[in-house]
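J.: One file: query_24.txt (compact mmCIF, C-alpha atoms and all ligand atoms).
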# COMPACT_ATOMS: atom_id res chain seq x y z
CA MET A 335 0.00 0.00 0.00
CA LEU A 336 1.15 3.52 -0.82
CA GLN A 337 2.55 5.26 2.21
CA LEU A 338 2.03 9.02 2.55
CA CYS A 339 2.54 11.35 5.46
CA HIS A 340 -0.54 13.03 6.82
CA LEU A 341 0.07 16.38 5.07
CA CYS A 342 0.79 14.74 1.72
CA ALA A 343 -2.36 12.62 2.01
CA VAL A 344 -4.56 15.59 2.92
CA ARG A 345 -3.09 17.59 0.04
CA GLN A 346 -4.36 14.99 -2.44
CA GLY A 347 -7.81 15.23 -0.89
CA LEU A 348 -7.47 11.60 0.14
CA HIS A 349 -9.09 9.96 3.05
CA VAL A 350 -6.71 7.63 4.70
CA GLY A 351 -8.08 4.17 4.21
CA ASN A 352 -7.86 1.51 1.66
CA THR A 353 -5.81 3.39 -0.92
CA VAL A 354 -3.12 4.98 1.23
CA GLY A 355 -1.57 4.35 4.55
CA VAL A 356 -0.31 7.05 6.81
CA SER A 357 3.40 6.85 7.24
CA ASP A 358 5.52 8.51 9.79
CA GLY A 359 7.70 10.95 7.91
CA GLU A 360 10.65 9.42 6.12
CA GLU A 361 8.55 6.70 4.55
CA CYS A 362 6.23 9.17 2.81
CA TYR A 363 6.39 8.21 -0.84
CA ILE A 364 6.16 11.84 -2.04
CA CYS A 365 8.11 14.04 0.38
CA HIS A 366 10.39 11.57 2.16
CA GLY A 367 9.66 13.39 5.40
CA LEU A 368 10.15 16.97 4.16
CA MET A 369 6.67 18.06 5.27
CA LEU A 370 7.47 17.05 8.83
CA ARG A 371 10.60 19.18 8.85
CA LEU A 372 8.89 22.47 8.03
CA ASN A 373 9.58 23.84 11.49
CA ASP A 374 13.30 23.31 11.01
CA ILE A 375 13.13 24.84 7.56
CA PHE A 376 11.31 27.82 8.99
CA MET A 377 14.25 28.38 11.35
CA LEU A 378 16.50 28.68 8.29
CA VAL A 379 14.12 31.28 6.86
CA GLU A 380 14.02 33.24 10.11
CA ASP A 381 17.78 33.19 10.23
CA ALA A 382 18.07 34.45 6.65
CA VAL A 383 15.73 37.42 7.14
CA LYS A 384 17.37 38.38 10.41
CA GLY A 385 18.84 41.85 10.01
CA TYR A 386 16.37 42.90 7.32
CA GLU A 387 13.88 45.61 8.13
CA PHE A 388 10.63 44.55 6.47
CA ARG A 389 6.90 44.45 6.91
CA SER A 390 5.88 42.43 3.88
CA PHE A 391 7.41 39.43 2.20
CA LEU A 392 7.00 36.91 -0.56
CA ILE A 393 8.32 33.40 -0.26
CA GLY A 394 9.14 31.05 -3.08
CA ALA A 395 10.66 27.59 -3.11
CA THR A 396 12.55 25.31 -5.45
CA LEU A 397 11.89 21.62 -4.85
CA PRO A 398 13.71 18.55 -6.07
CA GLN A 399 12.27 17.60 -9.44
CA ASP A 400 11.76 13.98 -8.46
CA MET A 401 9.56 15.06 -5.55
CA LEU A 402 7.26 16.96 -7.90
CA GLU A 403 7.22 14.00 -10.24
CA ARG A 404 6.27 11.58 -7.47
CA GLU A 405 3.32 13.77 -6.54
CA ASP A 406 2.16 13.80 -10.17
CA GLU A 407 2.59 10.06 -10.31
CA VAL A 408 0.48 9.52 -7.18
CA ARG A 409 -2.25 11.75 -8.56
CA ALA A 410 -2.27 9.94 -11.88
CA LYS A 411 -2.33 6.55 -10.23
CA LEU A 412 -5.12 7.40 -7.80
CA LYS A 413 -6.97 9.52 -10.37
CA VAL A 414 -7.19 12.56 -8.08
CA ARG A 415 -6.48 16.19 -8.94
CA GLY A 416 -5.30 17.16 -5.49
CA ILE A 417 -6.06 20.30 -3.54
CA GLU A 418 -2.76 22.08 -4.00
CA SER A 419 0.79 21.25 -5.08
CA ILE A 420 3.47 20.32 -2.60
CA LYS A 421 5.32 23.47 -3.58
CA SER A 422 2.51 25.89 -2.83
CA SER A 423 1.68 23.95 0.30
CA ILE A 424 5.23 24.43 1.60
CA THR A 425 5.42 28.12 0.75
CA ARG A 426 1.93 28.68 2.22
CA GLU A 427 2.83 26.90 5.46
CA LEU A 428 6.10 28.81 5.82
CA GLY A 429 4.33 32.02 4.90
CA MET A 430 1.79 31.43 7.64
CA MET A 431 4.57 30.84 10.13
CA LEU A 432 6.23 34.12 9.13
CA SER A 433 2.86 35.94 9.20
CA SER A 434 2.35 34.76 12.76
CA LYS A 435 5.45 36.81 13.64
CA GLY A 436 3.73 40.00 12.48
CA TYR A 437 4.73 40.18 8.80
CA ARG A 438 2.39 39.98 5.85
CA VAL A 439 2.50 38.35 2.46
CA ASP A 440 2.59 40.76 -0.47
CA TYR A 441 2.56 39.35 -3.99
CA GLU A 442 3.06 42.70 -5.74
CA ARG A 443 5.64 44.70 -3.83
CA PRO A 444 7.10 42.72 -0.96
CA ASP A 445 9.82 44.43 1.07
CA VAL A 446 11.78 41.19 0.94
CA ASP A 447 11.70 38.34 -1.53
CA ILE A 448 12.65 35.05 0.10
CA ARG A 449 13.87 32.24 -2.15
CA LEU A 450 14.17 28.88 -0.57
CA ASP A 451 16.15 26.18 -2.31
CA LEU A 452 15.02 22.86 -0.87
CA ILE A 453 17.66 20.96 -2.78
CA SER A 454 20.66 22.76 -1.26
CA MET A 455 18.71 24.13 1.74
CA ASP A 456 19.93 27.64 0.93
CA VAL A 457 17.74 30.63 1.68
CA ASN A 458 18.29 33.70 -0.45
CA VAL A 459 16.81 37.02 0.63
CA ARG A 460 16.58 40.13 -1.55
CA ALA A 461 15.16 43.43 -0.44
CA ARG A 462 12.97 45.35 -2.87
CA PRO A 463 15.10 48.16 -4.32
CA ILE A 464 14.53 51.62 -2.91
CA TYR A 465 14.56 54.39 -5.50
CA LEU A 466 15.45 57.89 -4.41
CA LEU A 467 15.40 61.29 -5.98
CA ALA A 468 18.38 63.16 -4.55
CA ARG A 469 20.45 66.25 -5.26
CA TYR A 470 24.12 66.92 -4.88
CA ARG A 471 26.20 70.03 -4.57
CA LYS A 472 29.89 70.09 -5.18
CA SER A 473 32.17 72.72 -3.70
CA ILE A 474 35.58 71.47 -4.80
CA ARG A 475 37.14 71.31 -8.23
CA GLY A 476 38.83 68.21 -9.55
CA LEU A 477 36.26 65.58 -8.63
CA LYS A 478 34.59 63.66 -11.43
CA GLN A 479 30.96 62.63 -11.36
CA LYS A 480 31.12 58.98 -12.38
CA GLY A 481 33.39 56.05 -11.68
CA TYR A 482 34.11 53.53 -8.98
CA ASP A 483 36.97 55.53 -7.50
CA ASN A 484 37.37 59.07 -6.33
CA SER A 485 34.11 60.36 -7.74
CA ILE A 486 30.76 61.66 -6.60
CA GLU A 487 29.41 58.24 -7.51
CA SER A 488 31.87 56.42 -5.27
CA ILE A 489 31.32 58.82 -2.38
CA VAL A 490 27.54 58.50 -2.59
CA ARG A 491 27.73 54.72 -3.05
CA GLY A 492 29.81 54.41 0.10
CA TRP A 493 27.38 56.49 2.08
CA ILE A 494 24.31 54.66 0.77
CA ALA A 495 25.86 51.26 1.52
CA LYS A 496 26.46 52.31 5.10
CA GLU A 497 23.28 54.26 5.72
CA PHE A 498 20.93 51.67 4.21
CA LYS A 499 23.07 48.64 5.03
CA ALA A 500 22.82 48.02 1.32
CA ARG A 501 24.76 45.75 -0.97
CA ASP A 502 25.15 48.28 -3.76
CA ALA A 503 23.78 51.45 -5.31
CA ARG A 504 23.10 52.32 -8.92
CA PHE A 505 22.66 55.76 -10.40
CA LEU A 506 20.73 57.63 -13.02
CA TRP A 507 22.24 61.03 -13.60
CA VAL A 508 20.34 64.06 -14.75
CA GLY A 509 23.18 65.35 -16.88
CA GLY A 510 26.74 65.81 -15.77
CA GLU A 511 29.37 68.47 -15.37
CA ASP A 512 33.08 68.54 -15.80
CA LYS A 513 35.54 67.26 -13.23
CA ASP A 514 36.56 70.87 -12.58
CA SER A 515 33.04 72.28 -12.33
CA LEU A 516 31.36 73.26 -9.12
CA VAL A 517 27.68 72.54 -8.62
CA VAL A 518 26.05 75.23 -6.54
CA GLY A 519 22.54 76.46 -5.68
CA GLU A 520 20.13 73.63 -4.98
CA GLY A 521 22.42 71.16 -6.66
CA ARG A 522 22.04 68.63 -9.44
CA PRO A 523 19.17 66.18 -9.18
CA PHE A 524 19.95 62.50 -9.67
CA PHE A 525 18.35 59.16 -8.94
CA ILE A 526 19.66 56.37 -6.75
CA LYS A 527 18.63 52.73 -6.72
CA VAL A 528 19.49 51.21 -3.36
CA VAL A 529 20.17 47.52 -3.92
CA ASP A 530 19.33 45.01 -1.21
CA ALA A 531 18.90 47.46 1.66
CA LYS A 532 18.60 45.94 5.11
CA LYS A 533 17.42 49.26 6.45
CA ARG A 534 14.49 50.95 4.71
CA SER A 535 13.27 53.63 7.08
CA GLY A 536 14.67 56.16 9.47
CA TYR A 537 17.71 56.80 7.30
CA ALA A 538 19.50 60.15 7.28
CA ASP A 539 18.44 62.31 4.34
CA ARG A 540 21.57 64.42 4.26
CA PHE A 541 25.23 63.75 3.93
CA SER A 542 28.37 65.82 3.48
CA SER A 543 31.88 64.71 2.73
CA ASP A 544 34.93 65.96 0.85
CA GLY A 545 33.17 68.93 -0.71
CA VAL A 546 30.08 66.97 -1.71
CA ASP A 547 26.67 67.59 -0.12
CA VAL A 548 23.89 65.14 -0.83
CA THR A 549 20.24 65.55 0.06
CA ILE A 550 17.61 62.90 -0.43
CA VAL A 551 14.51 64.66 -1.73
CA ARG A 552 12.08 61.74 -1.64
CA GLU A 553 11.51 58.12 -2.51
CA VAL A 554 10.20 57.47 -6.02
CA ASP A 555 8.71 54.42 -7.77
CA GLY A 556 11.63 53.78 -10.08
CA PHE A 557 14.08 55.36 -12.47
CA PRO A 558 12.23 57.69 -14.85
CA ARG A 559 12.39 56.55 -18.46
CA GLN A 560 12.88 60.00 -19.91
CA ILE A 561 13.98 63.16 -18.21
CA LYS A 562 13.88 66.63 -19.70
CA PHE A 563 15.86 69.22 -17.90
CA ILE A 564 17.53 72.58 -18.32
CA ASN A 565 20.73 73.89 -16.81
CA ARG A 566 21.90 77.31 -15.82
CA VAL A 567 25.66 77.32 -16.20
CA ARG A 568 28.39 79.93 -15.70
CA LEU A 569 31.24 79.81 -18.18
CA TYR A 570 34.60 81.32 -17.28
CA LEU A 571 36.24 82.31 -20.53
CA GLU A 572 39.69 83.63 -21.21
CA CYS A 573 39.25 86.64 -23.42
CA SER A 574 41.41 89.62 -24.32
CA ASP A 575 39.04 91.19 -26.82
CA PRO A 576 38.03 94.63 -25.47
CA SER A 577 34.92 94.67 -27.65
CA ILE A 578 33.70 91.28 -26.40
CA MET A 579 30.62 92.73 -24.70
CA ASP A 580 29.37 93.98 -28.09
CA LYS A 581 29.53 90.44 -29.41
CA VAL A 582 27.78 89.13 -26.30
CA ARG A 583 25.04 91.74 -26.60
CA ALA A 584 24.58 90.82 -30.24
CA VAL A 585 24.06 87.18 -29.29
CA MET A 586 21.70 88.18 -26.47
CA ALA A 587 19.64 90.21 -28.92
CA TYR A 588 19.66 87.40 -31.43
CA ASP A 589 16.35 85.76 -32.24
CA GLY A 590 14.69 86.16 -28.86
CA ALA A 591 18.02 85.41 -27.23
CA ASP A 592 17.65 81.70 -28.04
CA VAL A 593 20.53 80.31 -30.03
CA THR A 594 20.06 76.86 -31.49
CA VAL A 595 23.27 74.89 -31.39
CA ARG A 596 23.48 71.73 -33.48
CA PHE A 597 25.63 68.89 -32.27
CA ILE A 598 26.45 66.34 -34.93
CA GLU A 599 26.17 62.80 -33.64
CA ASP A 600 26.38 59.74 -35.87
CA GLY A 601 25.70 61.92 -38.87
CA ARG A 602 22.58 63.39 -37.28
CA TYR A 603 22.00 66.90 -36.00
CA ILE A 604 20.85 67.17 -32.42
CA ALA A 605 19.57 70.66 -31.73
CA LYS A 606 19.92 72.17 -28.28
CA ARG A 607 19.01 75.66 -27.19
CA MET A 608 21.31 78.12 -25.51
CA HIS A 609 20.25 81.39 -23.99
CA VAL A 610 22.68 83.97 -22.64
CA VAL A 611 21.15 85.50 -19.53
CA ASP A 612 24.00 87.50 -18.08
CA ALA A 613 27.59 88.46 -18.84
CA ARG A 614 30.41 90.30 -17.11
CA TYR A 615 33.78 91.15 -18.50
CA ASN A 616 36.79 91.67 -16.30
CA ALA A 617 39.29 93.38 -18.60
CA GLU A 618 42.07 93.37 -16.02
CA GLU A 619 41.98 89.64 -15.66
CA ASP A 620 40.89 88.94 -19.22
CA VAL A 621 37.97 86.86 -18.00
CA LEU A 622 34.49 86.83 -19.43
CA GLU A 623 31.85 85.29 -17.21
CA LEU A 624 28.90 84.12 -19.22
CA ASP A 625 25.70 82.83 -17.59
CA ILE A 626 23.77 80.66 -19.99
CA ILE A 627 20.67 78.50 -19.84
CA ILE A 628 21.04 75.34 -21.88
CA ASP A 629 18.91 72.32 -22.66
CA GLY A 630 19.83 69.03 -21.03
CA GLY A 631 22.31 67.26 -23.28
CA PHE A 632 23.99 70.47 -24.41
CA THR A 633 27.66 69.59 -24.09
CA VAL A 634 29.53 72.66 -22.88
CA LYS A 635 32.98 71.26 -23.65
CA ARG A 636 32.09 70.33 -27.22
CA PHE A 637 30.52 73.72 -27.76
CA ALA A 638 33.68 75.39 -26.39
CA GLU A 639 36.02 73.26 -28.47
CA GLY A 640 33.86 73.46 -31.57
CA LEU A 641 33.81 69.69 -32.06
CA ASP A 642 31.11 68.88 -34.63
CA THR A 643 29.14 71.81 -33.32
CA GLU A 644 27.34 74.54 -35.25
CA PRO A 645 27.72 77.28 -34.26
CA SER A 646 30.62 76.81 -31.85
CA MET A 647 31.55 79.15 -29.04
CA LYS A 648 34.24 80.73 -31.21
CA ASP A 649 31.74 81.25 -34.04
CA LEU A 650 29.59 83.28 -31.66
CA PHE A 651 32.09 85.06 -29.46
CA GLY A 652 35.35 85.11 -31.38
CA ASP A 653 38.65 84.43 -29.69
CA VAL A 654 37.60 83.08 -26.30
CA ALA A 655 38.74 79.93 -24.49
CA LEU A 656 36.93 78.01 -21.77
CA LYS A 657 38.78 77.85 -18.45
CA TYR A 658 36.05 75.95 -16.64
CA PHE A 659 32.34 76.19 -15.96
CA ASP A 660 30.11 75.91 -12.91
CA VAL A 661 26.59 74.60 -12.68
CA LEU A 662 24.27 77.12 -11.05
CA GLU A 663 20.97 75.31 -11.40
CA VAL A 664 19.55 72.12 -12.87
CA LYS A 665 15.83 72.01 -13.27
CA ILE A 666 13.82 68.94 -14.25
CA VAL A 667 11.14 70.05 -16.70
CA THR A 668 9.38 66.71 -17.16
CA SER A 669 10.17 63.20 -16.17
ZN ZN B 701 4.85 13.65 2.73
Please, can you express the file's structure as structure tokens?
Ligand SMILES: [Zn+2]

T.:
Amino acid sequence: MLQLCHLCAVRQGLHVGNTVGVSDGEECYICHGLMLRLNDIFMLVEDAVKGYEFRSFLIGATLPQDMLEREDEVRAKLKVRGIESIKSSITRELGMMLSSKGYRVDYERPDVDIRLDLISMDVNVRARPIYLLARYRKSIRGLKQKGYDNSIESIVRGWIAKEFKARDARFLWVGGEDKDSLVVGEGRPFFIKVVDAKKRSGYADRFSSDGVDVTIVREVDGFPRQIKFINRVRLYLECSDPSIMDKVRAVMAYDGADVTVRFIEDGRYIAKRMHVVDARYNAEEDVLELDIIIDGGFTVKRFAEGLDTEPSMKDLFGDVALKYFDVLEVKIVTS
């Protein structure tokens, strides 16, 4: 006679009697005693989620293939459909145990996703990513934006990892500046994805280090697919032309003050607007300060160097050379 444990028999909708006998664990034809070890397995789960801050969870399991096959075989042989599969029975039982500790199951957006491998008995926990809209200001020159070392990215990643007890952080930048640029005012917005955070509330929303100030504005649902933004930028230009302000005024008067600059990329023109809003010329130091508003994606360096750019900075202002530029404001228009 077929021997099944109580839980495996009930799951087939069988009444113990002439078709099956109730075995005591190990002899169960389907689970070989697994169903009787759920309490021990739950201890593995509890251990794996220890340290994670969460309210909701989802639990999934991988079972040995032969176990699933034996259940199918029993159902075929006894001509029963069964009430639920051994897999969903296990995850439901473990889920109920975890719920009894004050957590709740969430199929859509669980704080933690628990993956139980019942072949290796490994439990893998992943926290739902936290997406943040943040801003940074930069008050030192010589620090690049991106990169794993010595960059705004690496500084912010280090802070996020510590503050959120996170495994990693990924970034979506809303434009970028030069290594030598400062970012002042409210700072440049950017998005952070916090990967596998053990802490998800009560984190600090401000951080300062090495000339970089970061403020978390709010949590968001994800990285935006498309971001439109404009920048207000101050160019510091070397210039010894005493009549430079006439040229600047001519550009400011030009076509509603909007100059369309075409950047050639892969044989295509990409048009970006530039608008001169203010200018000051220091003749003693030969420096022209030019405040411009530019569309996101307007590359200041290419414009200054005249690389596949029409018109270039020299086309508009004559013999000027970019020393560096600072970012005064970055405004998201739509996202
Ligand atoms: Zn069983």

J.: Set the distance at 6 Å and use all atoms listed in the file: which residues neighbour segment 625-629 of chain A once local chain neighbours fewer than 5 positions away are removed? I'd like the list as an NGL selection string.

T.: :A and (564-568 or 606-612)

J.: Write as a short mmCIF file (atom, residue, chain, number, x, y, z; two decimals) with C-alpha atoms, keeping the file's coordinate frame the residues around ligand ZN 701 (chain B), taking 7 Å as the cut-off and counting all atoms listed in the file.

T.:
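Result went into out.cif, see below:
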data_model
loop_
_atom_site.label_atom_id
_atom_site.label_comp_id
_atom_site.auth_asym_id
_atom_site.auth_seq_id
_atom_site.Cartn_x
_atom_site.Cartn_y
_atom_site.Cartn_z
CA LEU A 338 2.03 9.02 2.55
CA CYS A 339 2.54 11.35 5.46
CA HIS A 340 -0.54 13.03 6.82
CA LEU A 341 0.07 16.38 5.07
CA CYS A 342 0.79 14.74 1.72
CA GLY A 359 7.70 10.95 7.91
CA CYS A 362 6.23 9.17 2.81
CA TYR A 363 6.39 8.21 -0.84
CA ILE A 364 6.16 11.84 -2.04
CA CYS A 365 8.11 14.04 0.38
CA HIS A 366 10.39 11.57 2.16
CA GLY A 367 9.66 13.39 5.40
CA LEU A 368 10.15 16.97 4.16
CA MET A 369 6.67 18.06 5.27
#

J.: Find the distance between atom CA of Gly601 of chain A and atom CA of Lys478 of chain A and write it in Å to one decimal.

T.: 28.9 Å

J.: Pull the neighbourhood of (26.4, 57.8, 4.4) for me: all residues within 9 Å in file coordinates, counting only C-alpha atoms, as a list in words.

T.: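 Within 9 Å of (26.4, 57.8, 4.4), the protein and nucleic acid residues are Ile489, Val490, Arg491, Gly492, Trp493, Ile494, Ala495, Lys496, Glu497, Phe498, Ala538, Arg540, Phe541, Ser542 and Ser543 of chain A.
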
J.: Residues at most 10 Å from Ser422 of chain A, counting all atoms listed in the file, excluding those fewer than 6 positions away in the same chain, as a PDB file with C-alpha atoms, in the frame of the given file?

T.:
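Just written: out.pdb:
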ATOM      1  CA  ILE A 393       8.320  33.400  -0.260  1.00  0.00           C
ATOM      2  CA  GLY A 394       9.140  31.050  -3.080  1.00  0.00           C
ATOM      3  CA  ALA A 395      10.660  27.590  -3.110  1.00  0.00           C
ATOM      4  CA  LEU A 428       6.100  28.810   5.820  1.00  0.00           C
TER       5      LEU A 428
END

J.: Do you have the atom CA of Arg596 of chain A-atom CA of Met579 of chain A distance handy?

T.: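 Between atom CA of Arg596 of chain A and atom CA of Met579 of chain A the gap is 23.9 Å.
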
J.: Go ahead and compute the interatomic distance for atom CA of Phe651 of chain A and atom CA of Ile598 of chain A, in Å to one decimal.

T.: 20.3 Å

J.: Point out the residue among A:Tyr482, A:Tyr470, A:Phe388, A:Tyr570 with the least atom-to-atom distance to Asp440 of chain A, counting all atoms listed in the file.

T.: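 Ranked by minimum distance to Asp440 of chain A, first place goes to A:Phe388.
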
J.: Point out the residue among A:Thr549, A:Ser454, A:Thr668, A:Ser515 with the least atom-to-atom distance to Thr396 of chain A, counting all atoms listed in the file.

T.: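 Among A:Thr549, A:Ser454, A:Thr668, A:Ser515, it is A:Ser454 that comes nearest to Thr396 of chain A.
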
J.: So, with all atoms listed in the file as the atoms that count, which of A:Val446, A:Ala605, A:Ala531, A:Leu571 lies closest to Val621 of chain A?

T.: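 Between A:Val446, A:Ala605, A:Ala531, A:Leu571, the residue approaching Val621 of chain A most closely is A:Leu571.
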